[in-house]
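Only one structure is covered here, and it is reproduced in the block below.
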Amino acid sequence: MSNAEDNKSSHDQLSSQVFLDLVDSVIADVASECHRVARLGLDRDLEVVEEELRLSVEARAKVADPSNNLETNTKYVVDIFGQSHPPVATEVFNCMNCGRQIVAGRFAPHLERCMGKGRKARAKATRSTTASQNRNSRRSTSDNNQLASGPPGFEENVRRA
Amino acid sequence: MYIRKHSVNRPPTPDEDVTESPERDELTLGEIINIKLVESGEKENLMELVRDRLVESGWKDEMRIACREHVKKKGRKDVTVDELIRAITPKGRASVPDAVKEELLDRIQNFIRSAAL
């Protein structure tokens, strides 16, 4: 009986020893890795990453916090830099085709009409240009021709205005 | 089953002394186990298992933080690997999650038993 107990306790000791040996190996790995990072100065970048991680965790906590006034934030998405964007882009710039001032969020529909790429736009444009070309080809006045053969959008815009 | 290279003179009770005694031409039980573990490939399996468990439990991250603390104290250029190991080993050994320790010990004990020693 005592022999079995001895065996068991020695087994336990042996297995503990093996286990500690394994853990020591992993510890040595970790130490070696950290040593390398430290000596190469790679942890400078790590600090920046840590800071960003912390900020993102804070941001997530703020979003998840029910006591925050969420009504103000539901329409605005906050990105990883903490900037919020309105759903429709508000910046105004000049269209490179017609030169008008366009709101960025409305630029795509504008371009469709401006350059005659959309279905209805092109149909209207061709109708207006071919129609007016046919009308004006008989006349010899250059002004009218120029008008007719100008950018298709012009006629369109005139009509729309 | 025993290693044929050395003559294994087994003492009446198993020898727990794992420290090497080069004057005597015999292997301690611990050494025998180790050799069997390596030869069978089980040591490598265990290593992989330990690493996986310690990573997923966050132990490795805690250790890395501890290392970084130590490096901050001692200065980046002065620190040595040995120093780091010495600094984190006590904490490392103590902070292994119990579940991980049990799982590993279980497997090791199974191995020892199945090695018919």
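Identifiers for the structure tokens are assigned positionally: chains receive A, B, ... in sequence, residues are indexed from 1 per chain, and ligands are indexed from 1 in the order shown.
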Q | B:Asn34 surroundings by only C-alpha atoms, 8 Å radius, close-in-sequence under 3 positions cut, as a PyMOL selection string | A | (chain A and resi 18) or (chain B and resi 30-31+37-38+43)
Could you please take those selected residues and save all heavy atoms as a PDB file, in the first residue's frame?
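Printed below is selection-v6.pdb as written:
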```pdb
ATOM      1  N   VAL A  18       8.116  18.051 -14.669  1.00  0.00           N
ATOM      2  CA  VAL A  18       7.967  18.185 -16.123  1.00  0.00           C
ATOM      3  C   VAL A  18       7.166  19.436 -16.444  1.00  0.00           C
ATOM      4  O   VAL A  18       7.517  20.212 -17.339  1.00  0.00           O
ATOM      5  CB  VAL A  18       7.266  16.936 -16.710  1.00  0.00           C
ATOM      6  CG1 VAL A  18       6.972  17.138 -18.177  1.00  0.00           C
ATOM      7  CG2 VAL A  18       8.131  15.703 -16.504  1.00  0.00           C
TER       8      VAL A  18
ATOM      9  N   GLY B  30      13.701  11.134 -13.392  1.00  0.00           N
ATOM     10  CA  GLY B  30      13.274  12.349 -14.084  1.00  0.00           C
ATOM     11  C   GLY B  30      13.894  12.448 -15.459  1.00  0.00           C
ATOM     12  O   GLY B  30      13.221  12.801 -16.434  1.00  0.00           O
ATOM     13  N   GLU B  31      15.183  12.094 -15.534  1.00  0.00           N
ATOM     14  CA  GLU B  31      15.859  12.166 -16.821  1.00  0.00           C
ATOM     15  C   GLU B  31      15.288  11.150 -17.787  1.00  0.00           C
ATOM     16  O   GLU B  31      15.116  11.423 -18.981  1.00  0.00           O
ATOM     17  CB  GLU B  31      17.355  11.944 -16.640  1.00  0.00           C
ATOM     18  CG  GLU B  31      18.035  13.136 -15.966  1.00  0.00           C
ATOM     19  CD  GLU B  31      19.437  12.795 -15.522  1.00  0.00           C
ATOM     20  OE1 GLU B  31      19.723  11.589 -15.364  1.00  0.00           O
ATOM     21  OE2 GLU B  31      20.242  13.713 -15.332  1.00  0.00           O
ATOM     22  N   LEU B  37       9.816  11.333 -23.086  1.00  0.00           N
ATOM     23  CA  LEU B  37       8.913  12.374 -23.585  1.00  0.00           C
ATOM     24  C   LEU B  37       9.395  12.916 -24.924  1.00  0.00           C
ATOM     25  O   LEU B  37       8.617  13.082 -25.869  1.00  0.00           O
ATOM     26  CB  LEU B  37       8.839  13.528 -22.587  1.00  0.00           C
ATOM     27  CG  LEU B  37       7.874  13.386 -21.418  1.00  0.00           C
ATOM     28  CD1 LEU B  37       8.120  14.506 -20.426  1.00  0.00           C
ATOM     29  CD2 LEU B  37       6.447  13.437 -21.897  1.00  0.00           C
ATOM     30  N   VAL B  38      10.693  13.168 -24.974  1.00  0.00           N
ATOM     31  CA  VAL B  38      11.229  13.744 -26.202  1.00  0.00           C
ATOM     32  C   VAL B  38      11.150  12.742 -27.331  1.00  0.00           C
ATOM     33  O   VAL B  38      10.697  13.051 -28.430  1.00  0.00           O
ATOM     34  CB  VAL B  38      12.696  14.191 -25.988  1.00  0.00           C
ATOM     35  CG1 VAL B  38      13.331  14.558 -27.302  1.00  0.00           C
ATOM     36  CG2 VAL B  38      12.756  15.349 -25.020  1.00  0.00           C
ATOM     37  N   LYS B  43       6.685  15.398 -25.699  1.00  0.00           N
ATOM     38  CA  LYS B  43       7.177  16.666 -25.136  1.00  0.00           C
ATOM     39  C   LYS B  43       6.785  17.819 -26.036  1.00  0.00           C
ATOM     40  O   LYS B  43       6.352  18.872 -25.572  1.00  0.00           O
ATOM     41  CB  LYS B  43       8.695  16.608 -24.976  1.00  0.00           C
ATOM     42  CG  LYS B  43       9.335  17.866 -24.415  1.00  0.00           C
ATOM     43  CD  LYS B  43       9.914  17.619 -23.030  1.00  0.00           C
ATOM     44  CE  LYS B  43      10.367  18.896 -22.367  1.00  0.00           C
ATOM     45  NZ  LYS B  43      11.843  19.036 -22.354  1.00  0.00           N
TER      46      LYS B  43
END
```
(Q) Would you pick out the contacts of stretch 83-91 of chain A at 6 Å or less, using only C-alpha atoms, so that residues sharing its chain but fewer than 3 positions from it are not included, and give the list as a VMD selection string? (A) chain A and resid 76 to 79 103 to 105
How close does each residue of chain A get to chain B, giving the shortest atom pair and distance in Å to one decimal for every residue with an atom at most 7 Å away, counting only C-alpha atoms, sorted by chain and residue number, as a Markdown table?
```
| residue | atom | partner | partner_atom | distance |
| --- | --- | --- | --- | --- |
| A:Ser10 | CA | B:Glu16 | CA | 6.9 |
| A:His11 | CA | B:Gln109 | CA | 6.9 |
| A:Leu14 | CA | B:Gly30 | CA | 6.2 |
| A:Ser15 | CA | B:Ile108 | CA | 5.7 |
| A:Ser16 | CA | B:Leu105 | CA | 6.8 |
| A:Phe19 | CA | B:Leu105 | CA | 6.6 |
| A:Leu22 | CA | B:Met47 | CA | 6.2 |
| A:Val23 | CA | B:Arg93 | CA | 6.9 |
| A:Val26 | CA | B:Arg51 | CA | 6.7 |
| A:Ile27 | CA | B:Thr89 | CA | 6.6 |
| A:Ala28 | CA | B:Ile85 | CA | 6.0 |
| A:Val30 | CA | B:Arg64 | CA | 6.7 |
| A:Ala31 | CA | B:Ile85 | CA | 5.6 |
| A:Ser32 | CA | B:Val81 | CA | 5.7 |
| A:Cys34 | CA | B:Cys67 | CA | 6.4 |
| A:His35 | CA | B:Val81 | CA | 5.9 |
| A:Ala38 | CA | B:Arg76 | CA | 5.6 |
| A:Arg39 | CA | B:Arg76 | CA | 6.0 |
```
Would you write out those residues with all heavy atoms, as a tab-separated table (two decimals), in the first residue's frame?
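The file below, selection39.tsv, is the result:
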```
chain	number	residue	atom	x	y	z
A	10	SER	N	5.66	10.16	-5.95
A	10	SER	CA	6.83	10.42	-6.80
A	10	SER	C	6.38	10.74	-8.21
A	10	SER	O	6.98	11.59	-8.88
A	10	SER	CB	7.76	9.21	-6.80
A	10	SER	OG	7.16	8.15	-7.49
A	11	HIS	N	5.31	10.10	-8.63
A	11	HIS	CA	4.74	10.44	-9.93
A	11	HIS	C	4.32	11.90	-9.96
A	11	HIS	O	4.58	12.62	-10.92
A	11	HIS	CB	3.52	9.56	-10.25
A	11	HIS	CG	3.90	8.24	-10.82
A	11	HIS	ND1	2.99	7.37	-11.33
A	11	HIS	CD2	5.11	7.64	-10.99
A	11	HIS	CE1	3.61	6.29	-11.77
A	11	HIS	NE2	4.89	6.43	-11.56
A	14	LEU	N	7.30	14.02	-10.16
A	14	LEU	CA	7.87	13.97	-11.50
A	14	LEU	C	7.06	14.82	-12.47
A	14	LEU	O	7.61	15.61	-13.25
A	14	LEU	CB	7.89	12.52	-12.01
A	14	LEU	CG	9.05	11.67	-11.52
A	14	LEU	CD1	8.84	10.24	-11.97
A	14	LEU	CD2	10.36	12.20	-12.06
A	15	SER	N	5.74	14.63	-12.40
A	15	SER	CA	4.92	15.37	-13.35
A	15	SER	C	4.99	16.87	-13.08
A	15	SER	O	5.00	17.68	-14.01
A	15	SER	CB	3.47	14.88	-13.34
A	15	SER	OG	3.00	14.80	-12.02
A	16	SER	N	5.06	17.23	-11.78
A	16	SER	CA	5.22	18.65	-11.48
A	16	SER	C	6.50	19.19	-12.08
A	16	SER	O	6.55	20.29	-12.61
A	16	SER	CB	5.27	18.88	-9.97
A	16	SER	OG	4.02	18.64	-9.41
A	19	PHE	N	6.10	19.63	-15.69
A	19	PHE	CA	5.24	20.80	-15.93
A	19	PHE	C	6.02	22.10	-15.76
A	19	PHE	O	5.96	23.01	-16.59
A	19	PHE	CB	4.05	20.75	-14.98
A	19	PHE	CG	3.19	21.96	-15.05
A	19	PHE	CD1	2.43	22.24	-16.16
A	19	PHE	CD2	3.16	22.86	-14.00
A	19	PHE	CE1	1.64	23.37	-16.24
A	19	PHE	CE2	2.38	23.99	-14.06
A	19	PHE	CZ	1.61	24.25	-15.18
A	22	LEU	N	8.22	22.79	-18.60
A	22	LEU	CA	7.51	23.34	-19.75
A	22	LEU	C	7.23	24.82	-19.55
A	22	LEU	O	7.44	25.64	-20.45
A	22	LEU	CB	6.19	22.59	-19.95
A	22	LEU	CG	6.29	21.14	-20.40
A	22	LEU	CD1	4.92	20.48	-20.30
A	22	LEU	CD2	6.79	21.05	-21.81
A	23	VAL	N	6.74	25.16	-18.36
A	23	VAL	CA	6.40	26.57	-18.10
A	23	VAL	C	7.65	27.43	-18.19
A	23	VAL	O	7.63	28.53	-18.75
A	23	VAL	CB	5.73	26.72	-16.71
A	23	VAL	CG1	5.55	28.18	-16.37
A	23	VAL	CG2	4.39	26.02	-16.70
A	26	VAL	N	8.42	28.30	-21.72
A	26	VAL	CA	7.57	29.36	-22.26
A	26	VAL	C	7.99	30.72	-21.70
A	26	VAL	O	8.02	31.72	-22.41
A	26	VAL	CB	6.08	29.09	-21.97
A	26	VAL	CG1	5.21	30.11	-22.66
A	26	VAL	CG2	5.70	27.69	-22.41
A	27	ILE	N	8.34	30.72	-20.41
A	27	ILE	CA	8.79	31.98	-19.80
A	27	ILE	C	10.04	32.48	-20.50
A	27	ILE	O	10.18	33.68	-20.80
A	27	ILE	CB	9.05	31.77	-18.29
A	27	ILE	CG1	7.73	31.59	-17.55
A	27	ILE	CG2	9.81	32.95	-17.71
A	27	ILE	CD1	7.88	31.32	-16.08
A	28	ALA	N	10.95	31.54	-20.77
A	28	ALA	CA	12.19	31.93	-21.46
A	28	ALA	C	11.87	32.51	-22.83
A	28	ALA	O	12.47	33.50	-23.26
A	28	ALA	CB	13.12	30.72	-21.58
A	30	VAL	N	9.12	34.07	-23.75
A	30	VAL	CA	8.54	35.41	-23.58
A	30	VAL	C	9.64	36.42	-23.26
A	30	VAL	O	9.70	37.52	-23.82
A	30	VAL	CB	7.48	35.42	-22.45
A	30	VAL	CG1	7.00	36.83	-22.20
A	30	VAL	CG2	6.32	34.53	-22.81
A	31	ALA	N	10.54	36.02	-22.35
A	31	ALA	CA	11.62	36.93	-21.95
A	31	ALA	C	12.50	37.26	-23.15
A	31	ALA	O	12.87	38.42	-23.36
A	31	ALA	CB	12.45	36.30	-20.83
A	32	SER	N	12.82	36.24	-23.93
A	32	SER	CA	13.67	36.45	-25.09
A	32	SER	C	13.01	37.41	-26.07
A	32	SER	O	13.64	38.33	-26.60
A	32	SER	CB	13.95	35.09	-25.74
A	32	SER	OG	14.42	35.26	-27.04
A	34	CYS	N	10.68	39.68	-25.45
A	34	CYS	CA	10.61	41.04	-24.92
A	34	CYS	C	11.98	41.69	-24.91
A	34	CYS	O	12.10	42.90	-25.15
A	34	CYS	CB	10.04	41.02	-23.50
A	34	CYS	SG	8.29	40.66	-23.48
A	35	HIS	N	12.99	40.89	-24.67
A	35	HIS	CA	14.35	41.42	-24.67
A	35	HIS	C	14.68	41.97	-26.04
A	35	HIS	O	15.23	43.07	-26.20
A	35	HIS	CB	15.31	40.31	-24.27
A	35	HIS	CG	16.75	40.69	-24.39
A	35	HIS	ND1	17.51	40.38	-25.49
A	35	HIS	CD2	17.56	41.38	-23.57
A	35	HIS	CE1	18.73	40.84	-25.34
A	35	HIS	NE2	18.80	41.45	-24.17
A	38	ALA	N	12.83	45.12	-26.74
A	38	ALA	CA	13.38	46.24	-25.96
A	38	ALA	C	14.69	46.73	-26.59
A	38	ALA	O	14.88	47.92	-26.80
A	38	ALA	CB	13.61	45.81	-24.52
A	39	ARG	N	15.57	45.82	-26.92
A	39	ARG	CA	16.86	46.21	-27.44
A	39	ARG	C	16.76	46.83	-28.82
A	39	ARG	O	17.59	47.64	-29.19
A	39	ARG	CB	17.80	44.99	-27.47
A	39	ARG	CG	18.21	44.53	-26.08
A	39	ARG	CD	18.97	45.59	-25.34
A	39	ARG	NE	20.30	45.74	-25.89
A	39	ARG	CZ	21.42	45.32	-25.29
A	39	ARG	NH1	21.35	44.74	-24.14
A	39	ARG	NH2	22.58	45.49	-25.86
```
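Distance-wise, atom CA of A:Val63 and atom CA of A:Glu50 end up 19.8 Å apart.
Take atom CA of A:Arg60 and atom CA of A:Val48: the distance between them is 18.3 Å.
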Q. Counting only C-alpha atoms, what is within 12 Å of A:Met96, bar same-chain residues fewer than 3 positions away, as a PyMOL selection string?
A. chain A and resi 93+99-102+107+110-111+114-115
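The residue that comes closest to B:Ala99, out of B:Ser40, B:Ser57, B:Thr28, B:Asn45 and on the basis of only C-alpha atoms, is B:Ser57.
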